[in-house]
Amino acid sequence: MMANSPADILAELEETVATCPAERCARILSGMVQLLNGSRDQCRELLSNVVDGVLLRLTERVEASALVQLSTALAELDIAPPETLWRLASHDNPDVACPVLLKSRALSAADLEAVIDSRGEWHRRAIADRSDIAPAVTEALIKHGGPICLALIKNPGAKFSDAAYAALIAKADQDGEITKAMVLRPGTPDLVVRKLLSVPPIRKAPATPNPSAAAPVPEAEPAAPKRPCRADYASARPEIVVLNRIGKLNDSTVNRFAIRGETANLFTALSVLSGAPLEIIEHVVSDDDCEGLVMACRASRLNWQTTLTILSNRSGKRLSYAERERAQRIFETLLLSTSQWTVRWGEIAASANTSDPANRGAKMGVGR
């Protein structure tokens, strides 16, 4: 189609827009989009306001396919006819609304919030996939819950306010995927991570009604993490391998696995990072002596703080001061190459594959 001059397009609009057939309305609509695309930035705002009313009338006369094309074109403009843009964004047909909802920078946060509250899941999902999402819009989306929350968490362009974080923490109680996604999301504040990973307090036994029989009831020690089964490892491994491939299987990620008690993820991560079989990782974690586990952490190139977190959370008990000092001395003494050889092929590997109690206690003797 040959381009018409701006003067020709405007003159044609004045004469024919009110009575022209649908086919011609579609042609005029295309010409007006061409006019908006070709105008310079300084006059585009004025031109958008001039043609806005005519565009509104045209949108009532054309088929949905023409509206989709219009939405796609206006989505690319920094300045667009405001009323027409809103009509497209709030259109019941997601095919019409989604292009501008996904890309248009001319839509305000208030416009997006109104669409979120008045339209359906497809509209909200398009907004959740925008490259830049204001905190108020994020909050409005989170209120509707569902898969939108995970889409937002995985979108690096979404900005979260304190209220949004609080809402996600509340939803995480019923949805472990939200917890996992938030913990792994770069930039999640440490305070939010701690709240997400916090263990509910252990309840004390109810007081007895007989005062003479009443006595303080000591809080039970946290139970040791349950050893994963083969199905747990099969489920954990694909994600761990992907995290390692993209460079995100690091101290921060492994530290969070340990704090959350995600043993399948933790053991698989140590296996992948150190190159040791899972049987060896299970062996050193369950061993009363910490030396083998320290070696596995050193072989995995983890730092001391992450190693200490793993040691402190492996059985639910705190390390004594003497145990901690010894573990740190071993960690600082070990060479990376020595640790890797020992957990893959050395005495630790051998002791993990025998049932002899004497061999099960064999160690390298480093740092004693």
# chains A, B, ... in the order shown; residues from 1 in each chain; ligands from 1

$ residues_around --residues "Cys290 in chain A" --least-positions-apart "4" --cutoff "8 Å" --atoms "only C-alpha atoms" --output "MDAnalysis selection string"
chainID A and resid 284:285 294 311 327

$ select_by_dssp --residues "range 121-329 of chain A" --states "helix (DSSP H, G or I)" --output "PyMOL selection string"
chain A and resi 121-128+135-144+147-153+162-172+176-184+190-197+211-213+230-245+251-260+263-274+278-286+291-299+304-313+321-329

$ residues_around --residues "Ser339 in chain A" --least-positions-apart "3" --cutoff "7 Å" --atoms "only C-alpha atoms" --output "list in words"
Met295, Ala296, Arg298, Ala299, Leu334, Leu335, Leu336, Thr342 and Val343 of chain A

$ write_last_selection --atoms "N, CA and C atoms" --output "PDB file, in the first residue's frame"
ATOM      1  N   MET A 295      35.698 -31.549  54.031  1.00  0.00           N
ATOM      2  CA  MET A 295      36.425 -31.823  52.787  1.00  0.00           C
ATOM      3  C   MET A 295      35.501 -31.723  51.578  1.00  0.00           C
ATOM      4  N   ALA A 296      34.284 -32.253  51.713  1.00  0.00           N
ATOM      5  CA  ALA A 296      33.338 -32.201  50.589  1.00  0.00           C
ATOM      6  C   ALA A 296      32.984 -30.756  50.261  1.00  0.00           C
ATOM      7  N   ARG A 298      34.918 -28.128  50.897  1.00  0.00           N
ATOM      8  CA  ARG A 298      36.120 -27.522  50.322  1.00  0.00           C
ATOM      9  C   ARG A 298      36.287 -27.952  48.876  1.00  0.00           C
ATOM     10  N   ALA A 299      36.016 -29.244  48.584  1.00  0.00           N
ATOM     11  CA  ALA A 299      36.107 -29.751  47.219  1.00  0.00           C
ATOM     12  C   ALA A 299      35.072 -29.102  46.308  1.00  0.00           C
ATOM     13  N   LEU A 334      43.140 -27.360  54.431  1.00  0.00           N
ATOM     14  CA  LEU A 334      42.986 -28.245  53.279  1.00  0.00           C
ATOM     15  C   LEU A 334      43.300 -27.543  51.962  1.00  0.00           C
ATOM     16  N   LEU A 335      43.983 -28.260  51.081  1.00  0.00           N
ATOM     17  CA  LEU A 335      44.139 -27.810  49.702  1.00  0.00           C
ATOM     18  C   LEU A 335      42.943 -28.282  48.889  1.00  0.00           C
ATOM     19  N   LEU A 336      42.563 -27.496  47.895  1.00  0.00           N
ATOM     20  CA  LEU A 336      41.437 -27.860  47.044  1.00  0.00           C
ATOM     21  C   LEU A 336      41.676 -29.200  46.359  1.00  0.00           C
ATOM     22  N   THR A 342      40.310 -36.736  47.734  1.00  0.00           N
ATOM     23  CA  THR A 342      39.902 -37.547  48.879  1.00  0.00           C
ATOM     24  C   THR A 342      38.440 -37.943  48.794  1.00  0.00           C
ATOM     25  N   VAL A 343      37.552 -36.990  48.417  1.00  0.00           N
ATOM     26  CA  VAL A 343      36.124 -37.320  48.395  1.00  0.00           C
ATOM     27  C   VAL A 343      35.733 -38.100  47.141  1.00  0.00           C
TER      28      VAL A 343
END

$ closest_residue --among "A:Leu184, A:Ala151, A:Leu197, A:Ala109" --to "Leu243 in chain A" --atoms "only C-alpha atoms"
A:Leu184

$ closest_residue --among "A:Leu308, A:Cys297, A:Ala73, A:Ala26" --to "Ser104 in chain A" --atoms "only C-alpha atoms"
A:Ala73

$ closest_residue --among "A:Leu293, A:Ala231, A:Ala269, A:Ile127" --to "Asn155 in chain A" --atoms "only C-alpha atoms"
A:Ile127

$ residues_around --residues "range 251-256 of chain A" --least-positions-apart "2" --cutoff "9 Å" --atoms "only C-alpha atoms" --output "JSON, numbers by chain"
{"A": [183, 184, 193, 197, 248, 249, 258, 259, 260, 261, 262, 265, 266, 269, 270, 301, 302, 303, 305, 306, 307, 309, 310]}

$ write_last_selection --atoms "N, CA and C atoms" --output "short mmCIF file (atom, residue, chain, number, x, y, z; two decimals), in the first residue's frame"
data_model
loop_
_atom_site.label_atom_id
_atom_site.label_comp_id
_atom_site.auth_asym_id
_atom_site.auth_seq_id
_atom_site.Cartn_x
_atom_site.Cartn_y
_atom_site.Cartn_z
N VAL A 183 13.64 -17.21 47.11
CA VAL A 183 14.97 -17.42 47.68
C VAL A 183 16.03 -17.41 46.59
N LEU A 184 15.70 -17.97 45.43
CA LEU A 184 16.66 -18.04 44.33
C LEU A 184 16.70 -16.77 43.49
N VAL A 193 14.48 -13.19 52.81
CA VAL A 193 14.94 -14.57 52.72
C VAL A 193 14.87 -15.25 54.08
N LEU A 197 12.64 -18.51 55.04
CA LEU A 197 13.29 -19.75 55.43
C LEU A 197 13.17 -20.05 56.92
N LYS A 248 24.80 -20.34 38.68
CA LYS A 248 24.07 -19.92 39.87
C LYS A 248 24.07 -20.95 41.00
N LEU A 249 24.82 -22.02 40.82
CA LEU A 249 24.96 -22.99 41.91
C LEU A 249 26.16 -22.54 42.74
N ALA A 258 20.71 -25.40 52.63
CA ALA A 258 21.02 -25.92 53.97
C ALA A 258 20.08 -25.35 55.02
N ILE A 259 19.82 -24.05 54.95
CA ILE A 259 18.96 -23.40 55.93
C ILE A 259 17.54 -23.94 55.84
N ARG A 260 17.08 -24.17 54.62
CA ARG A 260 15.71 -24.65 54.43
C ARG A 260 15.56 -26.14 54.68
N GLY A 261 16.65 -26.83 54.87
CA GLY A 261 16.56 -28.27 55.09
C GLY A 261 16.19 -29.04 53.83
N GLU A 262 16.52 -28.50 52.66
CA GLU A 262 16.24 -29.18 51.40
C GLU A 262 17.39 -30.16 51.12
N ASN A 265 18.22 -31.33 47.44
CA ASN A 265 18.91 -30.27 46.70
C ASN A 265 20.34 -30.07 47.22
N LEU A 266 20.50 -30.08 48.55
CA LEU A 266 21.82 -29.86 49.14
C LEU A 266 22.78 -30.98 48.77
N ALA A 269 23.64 -30.86 45.11
CA ALA A 269 24.52 -29.73 44.82
C ALA A 269 25.97 -30.06 45.22
N LEU A 270 26.17 -30.64 46.41
CA LEU A 270 27.52 -31.01 46.84
C LEU A 270 28.12 -32.06 45.91
N ARG A 301 34.33 -25.98 46.44
CA ARG A 301 34.72 -24.58 46.33
C ARG A 301 33.76 -23.65 47.09
N LEU A 302 33.15 -24.15 48.12
CA LEU A 302 32.29 -23.32 48.96
C LEU A 302 33.15 -22.56 49.97
N ASN A 303 32.65 -21.42 50.43
CA ASN A 303 33.41 -20.66 51.42
C ASN A 303 33.13 -21.19 52.83
N GLN A 305 31.75 -19.74 55.45
CA GLN A 305 30.44 -19.42 56.02
C GLN A 305 29.38 -20.42 55.54
N THR A 306 29.41 -20.76 54.27
CA THR A 306 28.45 -21.76 53.76
C THR A 306 28.73 -23.12 54.39
N THR A 307 30.02 -23.48 54.52
CA THR A 307 30.38 -24.75 55.16
C THR A 307 29.85 -24.81 56.58
N THR A 309 27.31 -23.20 57.80
CA THR A 309 25.84 -23.32 57.76
C THR A 309 25.44 -24.78 57.54
N ILE A 310 26.13 -25.48 56.64
CA ILE A 310 25.83 -26.89 56.37
C ILE A 310 26.09 -27.73 57.62
#

$ residues_around --residues "Arg119 in chain A" --least-positions-apart "5" --cutoff "10 Å" --atoms "only C-alpha atoms" --output "JSON, numbers by chain"
{"A": [89, 90, 91, 92, 93, 94, 114, 124]}
